file target_31.cif (mmCIF, C-alpha atoms)
data_upload
loop_
_atom_site.label_atom_id
_atom_site.label_comp_id
_atom_site.auth_asym_id
_atom_site.auth_seq_id
_atom_site.Cartn_x
_atom_site.Cartn_y
_atom_site.Cartn_z
CA MET A 1 33.93 -29.95 20.30
CA SER A 2 33.84 -27.66 17.28
CA ALA A 3 35.36 -24.47 16.06
CA ASP A 4 35.95 -23.23 12.53
CA GLU A 5 39.55 -24.12 11.75
CA ASP A 6 41.89 -21.71 10.02
CA PRO A 7 44.33 -23.68 7.81
CA ALA A 8 46.92 -20.94 8.21
CA ARG A 9 47.34 -21.58 11.95
CA PRO A 10 47.34 -24.61 14.22
CA ALA A 11 44.02 -25.66 15.74
CA ALA A 12 43.38 -24.44 19.27
CA ARG A 13 43.86 -27.07 21.95
CA SER A 14 40.58 -28.67 23.09
CA ALA A 15 40.25 -29.82 26.69
CA TRP A 16 37.31 -32.01 25.69
CA ARG A 17 39.33 -33.78 23.00
CA ASP A 18 41.98 -34.52 25.61
CA VAL A 19 39.48 -36.57 27.61
CA PRO A 20 40.12 -40.30 27.06
CA PRO A 21 37.65 -41.81 24.56
CA ARG A 22 36.58 -44.42 27.14
CA GLN A 23 35.45 -41.64 29.53
CA ILE A 24 33.61 -39.82 26.75
CA ARG A 25 31.78 -42.99 25.72
CA GLU A 26 30.83 -43.61 29.35
CA PHE A 27 29.63 -40.01 29.72
CA ALA A 28 27.54 -40.27 26.53
CA ALA A 29 26.02 -43.60 27.54
CA LEU A 30 24.98 -42.33 30.97
CA ALA A 31 23.61 -39.11 29.44
CA LEU A 32 21.58 -40.98 26.81
CA GLU A 33 20.09 -43.18 29.54
CA GLU A 34 19.02 -40.00 31.34
CA VAL A 35 17.51 -38.35 28.26
CA PRO A 36 13.88 -39.56 28.61
CA ALA A 37 13.62 -38.64 32.30
CA LEU A 38 15.65 -35.48 31.83
CA ALA A 39 13.37 -34.36 28.98
CA GLN A 40 10.33 -34.84 31.24
CA ASP A 41 12.01 -32.87 34.04
CA ILE A 42 12.90 -30.03 31.65
CA LEU A 43 9.34 -29.88 30.27
CA ARG A 44 7.94 -29.75 33.84
CA GLY A 45 10.36 -26.95 34.68
CA ILE A 46 9.38 -25.00 31.58
CA ARG A 47 5.67 -25.39 32.30
CA ALA A 48 6.18 -24.25 35.87
CA GLU A 49 8.02 -21.17 34.62
CA TYR A 50 5.64 -20.56 31.69
CA PRO A 51 2.20 -21.89 32.69
CA ALA A 52 0.50 -20.25 29.68
CA LEU A 53 2.65 -22.19 27.22
CA PRO A 54 0.26 -23.97 24.80
CA VAL A 55 0.49 -27.78 24.65
CA VAL A 56 0.69 -28.96 21.04
CA LEU A 57 0.45 -32.71 20.44
CA ASP A 58 1.82 -34.70 17.54
CA ASP A 59 -0.15 -37.38 15.66
CA SER A 60 0.53 -39.93 18.41
CA GLY A 61 -0.69 -37.60 21.16
CA GLU A 62 2.79 -36.85 22.54
CA PRO A 63 3.63 -33.20 23.32
CA MET A 64 5.70 -31.68 20.52
CA ALA A 65 7.76 -29.82 23.12
CA LEU A 66 8.76 -33.09 24.77
CA ILE A 67 9.78 -34.56 21.41
CA GLY A 68 11.86 -31.48 20.66
CA ILE A 69 13.62 -31.52 24.04
CA ARG A 70 14.37 -35.21 23.73
CA ARG A 71 15.74 -34.90 20.21
CA ALA A 72 17.82 -31.88 21.13
CA LEU A 73 19.39 -33.75 24.05
CA GLU A 74 20.03 -36.86 21.97
CA GLY A 75 21.60 -34.85 19.16
CA PHE A 76 23.89 -33.01 21.54
CA VAL A 77 25.02 -36.13 23.40
CA GLN A 78 25.58 -38.05 20.17
CA GLN A 79 27.73 -35.18 18.97
CA LEU A 80 29.82 -35.52 22.13
CA ALA A 81 30.28 -39.23 21.64
CA SER A 82 31.30 -38.94 17.98
CA GLN A 83 33.23 -35.68 18.45
CA GLU A 84 31.87 -34.46 15.12
CA GLY A 85 32.85 -31.03 13.90
CA ARG A 86 29.29 -29.73 13.72
CA PRO A 87 26.25 -30.41 15.92
CA ARG A 88 23.38 -32.37 14.43
CA TYR A 89 19.99 -30.69 14.69
CA HIS A 90 16.51 -31.92 14.06
CA PRO A 91 15.39 -28.83 12.13
CA GLU A 92 11.81 -29.90 11.47
CA VAL A 93 10.84 -29.80 15.15
CA PHE A 94 12.48 -26.51 15.99
CA GLN A 95 11.39 -24.87 12.76
CA GLU A 96 7.87 -25.95 13.68
CA PHE A 97 8.24 -24.27 17.07
CA GLY A 98 9.23 -21.06 15.28
CA ARG A 99 6.35 -21.39 12.83
CA GLY A 100 3.95 -21.85 15.71
CA GLU A 101 5.10 -18.63 17.36
CA GLY A 102 4.75 -16.76 14.08
CA LEU A 103 1.30 -18.13 13.26
CA HIS A 104 0.01 -17.20 16.72
CA GLY A 105 1.36 -13.67 16.46
CA ARG A 106 3.90 -14.07 19.25
CA SER A 107 7.51 -12.93 19.22
CA LEU A 108 10.48 -15.27 19.50
CA ASP A 109 11.55 -13.75 22.82
CA SER A 110 9.59 -16.19 24.97
CA LEU A 111 10.70 -19.17 22.85
CA GLN A 112 14.36 -18.22 23.22
CA ALA A 113 13.87 -17.77 26.97
CA ILE A 114 12.38 -21.28 27.13
CA TYR A 115 15.36 -22.67 25.21
CA ARG A 116 17.79 -21.01 27.63
CA LEU A 117 15.89 -22.42 30.60
CA GLY A 118 16.05 -25.88 29.05
CA VAL A 119 19.81 -25.60 28.55
CA ARG A 120 20.33 -24.56 32.17
CA LEU A 121 18.28 -27.48 33.47
CA ALA A 122 20.04 -29.92 31.14
CA TRP A 123 23.46 -28.58 32.14
CA ARG A 124 22.83 -29.32 35.82
CA ARG A 125 22.33 -33.03 35.10
CA LEU A 126 25.20 -33.24 32.63
CA ALA A 127 27.49 -31.58 35.17
CA GLU A 128 26.47 -34.20 37.72
CA ILE A 129 27.32 -36.98 35.27
CA GLY A 130 30.66 -35.37 34.47
CA GLN A 131 31.52 -35.13 38.15
CA GLN A 132 30.43 -38.74 38.68
CA ILE A 133 32.91 -40.10 36.13
CA GLU A 134 35.57 -37.52 36.97
CA ILE A 135 35.80 -35.56 33.72
CA PRO A 136 38.26 -32.68 34.29
CA PRO A 137 36.66 -29.24 34.99
CA PRO A 138 38.28 -27.54 31.92
CA ALA A 139 36.61 -30.11 29.68
CA MET A 140 33.26 -29.53 31.39
CA TYR A 141 33.66 -25.75 30.95
CA GLU A 142 34.23 -26.37 27.26
CA LEU A 143 31.17 -28.62 27.25
CA ALA A 144 29.09 -25.78 28.67
CA GLU A 145 30.27 -23.42 25.93
CA SER A 146 29.43 -26.04 23.34
CA GLY A 147 25.95 -26.36 24.85
CA PHE A 148 25.23 -22.69 24.30
CA GLU A 149 26.61 -22.88 20.75
CA TYR A 150 24.23 -25.78 20.20
CA LEU A 151 21.42 -23.62 21.60
CA ASP A 152 22.26 -20.91 19.05
CA GLY A 153 21.82 -23.48 16.29
CA LEU A 154 18.40 -24.48 17.60
CA VAL A 155 17.38 -20.82 17.79
CA ASP A 156 18.51 -20.35 14.18
CA GLN A 157 16.21 -23.17 13.11
CA SER A 158 13.29 -21.61 14.98
CA VAL A 159 14.03 -18.21 13.45
CA ARG A 160 13.89 -19.82 10.01
CA GLY A 161 10.53 -21.39 10.77
CA TYR A 162 9.29 -18.11 12.23
CA ALA A 163 10.34 -16.22 9.09
CA GLU A 164 8.62 -18.78 6.86
CA ALA A 165 5.41 -18.48 8.88
CA ALA A 166 5.59 -14.69 8.83
CA ALA A 167 6.06 -14.68 5.06
CA ARG A 168 3.21 -17.14 4.58
CA GLU A 169 0.96 -15.16 6.90
CA ALA A 170 1.80 -11.90 5.13
CA GLY A 171 1.13 -13.49 1.74
CA GLU A 172 -2.21 -14.88 2.90
CA ARG A 173 -3.19 -11.55 4.41
CA LEU A 174 -2.35 -9.75 1.16
CA ARG A 175 -4.42 -12.29 -0.79
CA LEU A 176 -7.41 -11.81 1.52
CA GLN A 177 -6.94 -8.05 1.40
CA ARG A 178 -7.00 -8.06 -2.39
CA LYS A 179 -10.19 -10.15 -2.33
CA LEU A 180 -11.72 -7.63 0.07
CA MET A 181 -10.74 -4.75 -2.20
CA GLU A 182 -12.16 -6.53 -5.24
CA LEU A 183 -15.49 -6.85 -3.46
CA LEU A 184 -15.39 -3.25 -2.24
CA LEU A 185 -14.62 -1.86 -5.68
CA SER A 186 -16.94 -4.08 -7.67
CA GLU A 187 -19.47 -2.16 -9.74
CA ARG A 188 -21.96 -4.99 -9.30
CA ARG A 189 -21.78 -5.03 -5.52
CA SER A 190 -25.09 -3.86 -4.01
CA ASP A 191 -24.41 -3.94 -0.27
CA THR A 192 -24.76 -0.91 1.93
CA GLY A 193 -22.40 1.23 3.97
CA ALA A 194 -21.24 0.31 7.46
CA GLY A 195 -23.30 1.71 10.24
CA SER A 196 -26.24 2.66 8.02
CA SER A 197 -29.82 1.66 8.70
CA HIS A 198 -29.56 -0.66 5.69
CA ALA A 199 -26.88 -2.67 7.44
CA THR A 200 -29.11 -3.29 10.43
CA GLY A 201 -32.22 -3.95 8.39
CA THR A 202 -34.10 -0.99 9.85
CA GLY A 203 -34.37 0.94 6.60
CA PRO A 204 -35.02 0.24 2.93
CA ALA A 205 -32.13 -1.69 1.43
CA ARG A 206 -31.20 -2.42 -2.14
CA ALA A 207 -31.78 -5.89 -3.47
CA GLY A 208 -29.32 -8.28 -1.91
CA GLY A 209 -27.90 -5.57 0.37
CA PRO A 210 -27.85 -7.27 3.80
CA ALA A 211 -26.43 -10.51 2.46
CA ALA A 212 -23.73 -8.75 0.50
CA HIS A 213 -22.94 -6.53 3.45
CA GLY A 214 -22.55 -9.61 5.61
CA ASN A 215 -20.11 -11.05 3.08
CA LEU A 216 -18.14 -7.80 3.10
CA GLY A 217 -18.07 -7.70 6.88
CA GLU A 218 -16.89 -11.32 7.02
CA ARG A 219 -14.03 -10.65 4.60
CA ALA A 220 -13.06 -7.46 6.43
CA ALA A 221 -12.96 -9.33 9.74
CA ARG A 222 -10.56 -11.90 8.28
CA VAL A 223 -7.94 -9.19 7.71
CA GLY A 224 -8.83 -7.23 10.84
CA TRP A 225 -10.30 -4.29 8.90
CA GLN A 226 -13.13 -2.40 10.59
CA LEU A 227 -15.79 -1.30 8.12
CA PRO A 228 -15.78 2.52 7.97
CA GLU A 229 -18.67 4.85 7.18
CA ARG A 230 -16.84 6.53 4.29
CA VAL A 231 -13.86 5.74 2.09
CA ALA A 232 -11.77 7.33 -0.63
CA VAL A 233 -10.07 5.20 -3.28
CA GLY A 234 -6.65 6.05 -4.68
CA VAL A 235 -4.91 5.01 -7.88
CA LEU A 236 -1.12 5.31 -7.92
CA LEU A 237 1.55 5.61 -10.59
CA ARG A 238 4.77 3.76 -9.75
CA PRO A 239 7.85 5.99 -9.60
CA ALA A 240 9.83 2.89 -10.67
CA ARG A 241 9.10 -0.76 -11.37
CA GLU A 242 10.87 -1.85 -8.17
CA ALA A 243 9.40 0.91 -6.01
CA VAL A 244 8.80 -0.06 -2.39
CA ALA A 245 5.17 0.16 -1.28
CA PRO A 246 4.34 3.47 0.42
CA ALA A 247 4.07 3.23 4.22
CA VAL A 248 0.37 4.13 4.34
CA GLY A 249 -0.03 2.68 7.84
CA GLN A 250 -2.66 0.58 9.55
CA GLY A 251 -6.18 0.66 8.22
CA VAL A 252 -5.40 1.68 4.63
CA LEU A 253 -5.93 -1.21 2.20
CA LEU A 254 -3.21 -1.34 -0.44
CA ASP A 255 -2.97 -3.55 -3.51
CA MET A 256 0.48 -3.38 -5.10
CA GLU A 257 -0.17 -6.25 -7.56
CA ALA A 258 -2.07 -4.14 -10.08
CA GLU A 259 -0.19 -2.28 -12.82
CA GLN A 260 -1.48 0.89 -11.20
CA PRO A 261 -1.58 0.17 -7.43
CA ARG A 262 -4.82 0.94 -5.63
CA MET A 263 -5.60 1.88 -2.07
CA VAL A 264 -8.76 2.24 -0.03
CA VAL A 265 -8.54 4.95 2.63
CA PRO A 266 -11.03 4.57 5.50
CA ASP A 267 -12.54 7.73 6.99
CA PRO A 268 -10.46 9.96 4.68
CA GLU A 269 -11.68 13.17 6.30
CA ALA A 270 -10.70 12.10 9.84
CA ALA A 271 -8.39 14.46 11.71
CA GLY A 272 -4.77 13.94 10.71
CA ARG A 273 -5.50 11.44 7.92
CA PRO A 274 -4.71 13.77 4.96
CA GLU A 275 -1.38 14.81 6.48
CA LEU A 276 -0.39 11.20 7.23
CA LEU A 277 -1.17 10.21 3.65
CA ARG A 278 0.73 13.18 2.27
CA ARG A 279 3.87 12.16 4.14
CA ALA A 280 3.46 8.47 3.26
CA MET A 281 3.05 9.22 -0.47
CA THR A 282 6.25 11.24 -0.85
CA GLY A 283 7.86 10.26 -4.16
CA TRP A 284 4.65 8.78 -5.55
CA SER A 285 2.09 10.27 -7.91
CA GLY A 286 -1.51 9.45 -8.60
CA ALA A 287 -4.95 10.53 -7.48
CA ILE A 288 -7.33 9.96 -4.58
CA GLY A 289 -11.00 9.94 -5.45
CA PRO A 290 -13.66 11.87 -3.52
CA PRO A 291 -14.87 10.57 -0.14
CA VAL A 292 -17.99 8.45 -0.59
CA ALA A 293 -20.15 6.07 1.40
CA LEU A 294 -18.62 2.61 1.72
CA ALA A 295 -21.13 1.13 -0.72
CA ASP A 296 -20.07 3.68 -3.36
CA ALA A 297 -16.33 2.92 -3.27
CA ALA A 298 -16.40 2.04 -6.98
CA LYS A 299 -17.50 5.61 -7.76
CA SER A 300 -14.50 7.04 -5.93
CA LEU A 301 -12.29 4.63 -7.90
CA ARG A 302 -13.74 5.84 -11.22
CA TRP A 303 -12.89 9.45 -10.43
CA ALA A 304 -9.39 8.52 -9.30
CA GLU A 305 -8.82 6.57 -12.53
CA ALA A 306 -10.14 9.51 -14.55
CA ALA A 307 -7.77 11.89 -12.76
CA VAL A 308 -4.79 9.60 -13.37
CA GLY A 309 -5.73 9.43 -17.05
CA LEU A 310 -5.71 13.23 -17.24
CA MET A 311 -2.36 13.32 -15.43
CA GLU A 312 -0.86 10.93 -17.97
CA ARG A 313 -2.08 13.22 -20.77
CA GLY A 314 -0.55 16.27 -19.11
CA LEU A 315 -3.93 17.85 -18.34
CA LEU A 316 -3.49 17.63 -14.55
CA PRO A 317 -0.29 18.26 -12.57
CA ALA A 318 1.99 15.23 -12.37
CA GLY A 319 4.58 14.23 -9.79
CA GLU A 320 2.30 14.22 -6.76
CA VAL A 321 -0.79 12.52 -5.39
CA LEU A 322 -3.77 14.73 -6.23
CA HIS A 323 -7.12 14.85 -4.46
CA CYS A 324 -9.98 14.81 -6.94
CA THR A 325 -11.97 17.19 -4.76
CA GLU A 326 -9.35 19.86 -5.47
CA HIS A 327 -9.66 19.43 -9.26
CA THR A 328 -13.41 19.13 -9.69
CA GLU A 329 -13.64 21.59 -12.59
CA ALA A 330 -11.07 19.72 -14.68
CA LEU A 331 -12.63 16.34 -13.96
CA VAL A 332 -16.15 17.52 -14.77
CA LEU A 333 -15.22 19.43 -17.92
CA LEU A 334 -12.51 17.18 -19.37
CA GLN A 335 -13.97 13.74 -18.72
CA PRO A 336 -16.98 13.57 -21.09
CA GLU A 337 -14.70 14.38 -24.05
CA GLU A 338 -17.03 13.45 -26.88
CA LEU A 339 -19.95 15.47 -25.48
CA ILE A 340 -17.78 18.49 -24.69
CA GLU A 341 -16.14 18.40 -28.14
CA ASP A 342 -19.53 18.23 -29.85
CA LEU A 343 -20.84 21.14 -27.77
CA THR A 344 -17.61 23.08 -28.46
CA ARG A 345 -18.01 22.69 -32.21
CA ARG A 346 -21.57 23.97 -32.09
CA CYS A 347 -20.98 26.81 -29.62
CA LEU A 348 -17.78 28.14 -31.22
CA ALA A 349 -18.88 27.72 -34.83
CA PRO A 350 -18.96 31.53 -35.30
CA LEU A 351 -15.15 31.54 -34.89
CA ASP A 352 -14.59 29.11 -37.76
CA HIS A 353 -14.01 31.90 -40.26
CA CYS A 354 -11.56 33.76 -38.05
CA GLY A 355 -7.85 33.07 -38.23
CA PRO A 356 -6.43 30.81 -35.47
CA ALA A 357 -4.66 33.58 -33.58
CA HIS A 358 -7.52 36.06 -33.87
CA GLY A 359 -10.10 33.41 -33.01
CA ARG A 360 -8.10 32.51 -29.88
CA ARG A 361 -7.96 36.15 -28.77
CA LEU A 362 -11.71 36.54 -29.26
CA ALA A 363 -12.34 33.31 -27.31
CA GLU A 364 -10.15 34.49 -24.42
CA THR A 365 -11.93 37.85 -24.38
CA LEU A 366 -15.35 36.18 -24.47
CA LEU A 367 -14.43 33.91 -21.53
CA ALA A 368 -13.09 36.83 -19.49
CA TRP A 369 -16.32 38.76 -20.18
CA LEU A 370 -18.48 35.78 -19.20
CA GLU A 371 -16.51 35.25 -15.98
CA THR A 372 -16.44 38.90 -14.90
CA ARG A 373 -19.86 40.00 -16.18
CA GLY A 374 -18.22 43.41 -16.21
CA GLY A 375 -17.46 46.11 -18.71
CA ALA A 376 -14.40 46.74 -20.85
CA PRO A 377 -12.18 48.01 -17.96
CA GLU A 378 -12.79 44.89 -15.85
CA VAL A 379 -12.22 42.53 -18.79
CA ALA A 380 -9.13 44.48 -19.86
CA ALA A 381 -7.67 44.22 -16.36
CA ARG A 382 -8.30 40.48 -16.39
CA LEU A 383 -6.62 40.03 -19.76
CA GLY A 384 -3.87 42.59 -19.29
CA VAL A 385 -4.75 44.56 -22.41
CA HIS A 386 -6.05 48.09 -23.13
CA PRO A 387 -9.82 48.66 -22.58
CA GLN A 388 -10.17 49.95 -26.12
CA THR A 389 -8.86 46.62 -27.42
CA VAL A 390 -11.51 44.86 -25.36
CA ARG A 391 -14.27 47.11 -26.71
CA TYR A 392 -13.21 46.32 -30.26
CA ARG A 393 -13.22 42.59 -29.59
CA LEU A 394 -16.58 42.67 -27.78
CA ARG A 395 -18.15 44.41 -30.80
CA GLN A 396 -16.81 41.62 -33.01
CA ILE A 397 -18.15 38.98 -30.60
CA ARG A 398 -21.62 40.52 -30.71
CA GLU A 399 -21.49 40.61 -34.51
CA LEU A 400 -20.51 36.91 -34.60
CA TRP A 401 -23.07 35.59 -32.13
CA GLY A 402 -25.80 38.20 -32.49
CA ASP A 403 -28.65 38.16 -30.00
CA GLU A 404 -27.69 34.65 -28.86
CA ILE A 405 -24.97 36.19 -26.72
CA ASP A 406 -27.71 37.59 -24.45
CA ASP A 407 -29.37 34.18 -23.93
CA PRO A 408 -28.44 32.87 -20.40
CA ASP A 409 -28.42 29.24 -21.59
CA ARG A 410 -26.13 30.04 -24.51
CA ARG A 411 -23.81 32.06 -22.25
CA PHE A 412 -23.63 29.11 -19.85
CA GLU A 413 -22.71 26.72 -22.69
CA LEU A 414 -20.11 29.15 -24.01
CA GLU A 415 -18.47 29.54 -20.61
CA LEU A 416 -18.48 25.79 -20.10
CA VAL A 417 -16.75 24.95 -23.41
CA LEU A 418 -14.31 27.85 -23.11
CA ARG A 419 -13.29 26.77 -19.59
CA ALA A 420 -12.76 23.26 -20.94
CA ARG A 421 -10.51 24.63 -23.71
CA ARG A 422 -8.54 26.63 -21.17
CA LEU A 423 -8.04 23.52 -19.03
CA ARG A 424 -6.65 21.76 -22.12
CA GLY A 425 -4.20 24.59 -22.64
CA LEU A 426 -5.95 25.84 -25.80
CA LEU A 427 -6.60 29.26 -24.28
CA GLY A 428 -4.23 31.49 -22.35
CA ARG A 429 -4.44 31.84 -18.57
CA LEU A 430 -5.87 35.01 -17.07
CA GLY A 431 -3.61 38.01 -17.19
CA ARG A 432 -2.20 37.28 -20.67
CA SER A 433 -3.43 38.55 -24.04
#
call {"tool": "encode", "arguments": {"input": "target_31.cif", "output": "structure tokens"}}
result
Amino acid sequence: MSADEDPARPAARSAWRDVPPRQIREFAALALEEVPALAQDILRGIRAEYPALPVVLDDSGEPMALIGIRRALEGFVQQLASQEGRPRYHPEVFQEFGRGEGLHGRSLDSLQAIYRLGVRLAWRRLAEIGQQIEIPPPAMYELAESGFEYLDGLVDQSVRGYAEAAAREAGERLRLQRKLMELLLSERRSDTGAGSSHATGTGPARAGGPAAHGNLGERAARVGWQLPERVAVGVLLRPAREAVAPAVGQGVLLDMEAEQPRMVVPDPEAAGRPELLRRAMTGWSGAIGPPVALADAAKSLRWAEAAVGLMERGLLPAGEVLHCTEHTEALVLLQPEELIEDLTRRCLAPLDHCGPAHGRRLAETLLAWLETRGGAPEVAARLGVHPQTVRYRLRQIRELWGDEIDDPDRRFELELVLRARRLRGLLGRLGRS
């Protein structure tokens, strides 16, 4: 029998090693003769105890469980006969048992219970053989302990197979999930949202809609994702290269392979969903696009990407996960940069001949006047300056823009470009001169 030996102290006395070799050989020979019938008896006992146990056959049509039991018994008995220091396992069979449990989504609890039952049934027959050839009880007690140590080794092999299957299954699921997200977020996809009349063919659908929708539904089913009515798409910024994926929970699709991870949030406005996401995203930053119909997921992604771009430029708050719906003004005014800059140059041309500081003060006063539509006292209160200062500036503004300042369309354009400049930090916030 085996135990790890410490060179610094004498080996513990083994009752089994004290058994005469002739008796051990006789015991092993009788046990090996019993192995085929004993394996059948153990398998029948296991099936009686676990009737739902699936029967898996090898290439020759023999039950894999029977092969495993037989090999386990043979390995154990051969170990007894040779008195080797370590038991010999047949890892491929027991790893396959573990893989099977993992691939079928079962835990290892039932498999370990089956192993223990098998050991108990095997021990009864081995005890009978030991009594038959008069092996001393202390040696048989030691044999029983060795049997359970051997069982632990078989369980270890199954755990390894189970872990391999779990890793493979997780990898495959992530691959399928990424494929699903690619289809969802594709600009060229033309399928329709879940639950809509388009999906059932009762309403007008876009070209290719039903077929594409069927493809989407098929891919979603493969990862167990139920197609929602609406989604919001998030783009994340990693807090560190080795950052652990946020625990977004069941239902949220997450792709951590991209440089900027993405997620698809189903039914983002459902009760409790925003709070769950907020807690899950602690320590992360990024943006979640507006809720849209499932077929428009790519649009939500575009807004999230735009928001992240503004965050990286310091134009939106960093260090948290923003919701685009809470920053609509910034996204609308800061995104079409070329158009806004061109409109700004044209609208604010009258300030070109003013000094930078004076031009900024006039722009801030003009924006406050446009936003309040009030007189000098209201604008002064908004800016935190004296009303007389405001009156002076308003006279200058009217001289610069003339009658155009009374045109509603021109006022709208002026307010738009001035708000955009304020969002970029080029104008002071309200309450400062």
call {"tool": "resolve_selection", "arguments": {"input": "target_31.cif", "expression": "the PyMOL selection byres ((chain A and resi 143-150) around 8)", "output": "list in words"}}
result
Met1, Ser2, Trp16, Phe76, Pro87, Val119, Trp123, Ala139, Met140, Tyr141, Glu142, Leu151, Asp152, Gly153 and Leu154 of chain A
call {"tool": "residues_around", "arguments": {"input": "target_31.cif", "residues": "Ala258 (chain A)", "least_positions_apart": "5", "cutoff": "10 Å", "atoms": "all atoms listed in the file", "output": "ChimeraX atom specification"}}
result
/A:178,235-236
call {"tool": "write_last_selection", "arguments": {"input": "target_31.cif", "atoms": "C-alpha atoms", "output": "JSON list (two decimals), keeping the file's coordinate frame"}}
result
[["chain", "number", "residue", "atom", "x", "y", "z"],
["A", 178, "ARG", "CA", -7.00, -8.06, -2.39],
["A", 235, "VAL", "CA", -4.91, 5.01, -7.88],
["A", 236, "LEU", "CA", -1.12, 5.31, -7.92]]
call {"tool": "atom_distance", "arguments": {"input": "target_31.cif", "atom1": "CA of Ala220 (chain A)", "atom2": "CA of Ser186 (chain A)"}}
result
15.0 Å
call {"tool": "resolve_selection", "arguments": {"input": "target_31.cif", "expression": "the PyMOL selection byres ((chain A and resi 425) around 12)", "output": "PyMOL selection string"}}
result
chain A and resi 313-316+330+334+360+364+418-424+426-430
call {"tool": "resolve_selection", "arguments": {"input": "target_31.cif", "expression": "the PyMOL selection byres ((chain A and resi 380-394) around 10)", "output": "PyMOL selection string"}}
result
chain A and resi 358+361-366+368-369+371-372+374-379+395-400+428-433
call {"tool": "write_last_selection", "arguments": {"input": "target_31.cif", "atoms": "C-alpha atoms", "output": "short mmCIF file (atom, residue, chain, number, x, y, z; two decimals), keeping the file's coordinate frame"}}
result
data_model
loop_
_atom_site.label_atom_id
_atom_site.label_comp_id
_atom_site.auth_asym_id
_atom_site.auth_seq_id
_atom_site.Cartn_x
_atom_site.Cartn_y
_atom_site.Cartn_z
CA HIS A 358 -7.52 36.06 -33.87
CA ARG A 361 -7.96 36.15 -28.77
CA LEU A 362 -11.71 36.54 -29.26
CA ALA A 363 -12.34 33.31 -27.31
CA GLU A 364 -10.15 34.49 -24.42
CA THR A 365 -11.93 37.85 -24.38
CA LEU A 366 -15.35 36.18 -24.47
CA ALA A 368 -13.09 36.83 -19.49
CA TRP A 369 -16.32 38.76 -20.18
CA GLU A 371 -16.51 35.25 -15.98
CA THR A 372 -16.44 38.90 -14.90
CA GLY A 374 -18.22 43.41 -16.21
CA GLY A 375 -17.46 46.11 -18.71
CA ALA A 376 -14.40 46.74 -20.85
CA PRO A 377 -12.18 48.01 -17.96
CA GLU A 378 -12.79 44.89 -15.85
CA VAL A 379 -12.22 42.53 -18.79
CA ARG A 395 -18.15 44.41 -30.80
CA GLN A 396 -16.81 41.62 -33.01
CA ILE A 397 -18.15 38.98 -30.60
CA ARG A 398 -21.62 40.52 -30.71
CA GLU A 399 -21.49 40.61 -34.51
CA LEU A 400 -20.51 36.91 -34.60
CA GLY A 428 -4.23 31.49 -22.35
CA ARG A 429 -4.44 31.84 -18.57
CA LEU A 430 -5.87 35.01 -17.07
CA GLY A 431 -3.61 38.01 -17.19
CA ARG A 432 -2.20 37.28 -20.67
CA SER A 433 -3.43 38.55 -24.04
#
call {"tool": "residues_around", "arguments": {"input": "target_31.cif", "residues": "Glu320 (chain A)", "least_positions_apart": "6", "cutoff": "8 Å", "atoms": "all atoms listed in the file", "output": "NGL selection string"}}
result
:A and (282-286)
call {"tool": "residues_around", "arguments": {"input": "target_31.cif", "residues": "Ala163 (chain A)", "least_positions_apart": "2", "cutoff": "8 Å", "atoms": "all atoms listed in the file", "output": "ChimeraX atom specification"}}
result
/A:98-99,102,159-161,165-167
call {"tool": "atom_distance", "arguments": {"input": "target_31.cif", "atom1": "CA of Pro317 (chain A)", "atom2": "CA of Arg241 (chain A)"}}
result
21.2 Å
call {"tool": "atom_distance", "arguments": {"input": "target_31.cif", "atom1": "CA of Gln132 (chain A)", "atom2": "CA of Glu33 (chain A)"}}
result
14.5 Å
call {"tool": "residues_around", "arguments": {"input": "target_31.cif", "residues": "Met263 (chain A)", "least_positions_apart": "5", "cutoff": "12 Å", "atoms": "only C-alpha atoms", "output": "PyMOL selection string"}}
result
chain A and resi 177-178+180-182+184-185+231-237+245-249+251-258+268+277+281+286-289+297-298+300-301+304-305
call {"tool": "closest_residue", "arguments": {"input": "target_31.cif", "among": "A:Ala307, A:Leu322, A:Leu276, A:Val77", "to": "Gln335 (chain A)", "atoms": "only C-alpha atoms"}}
result
A:Ala307
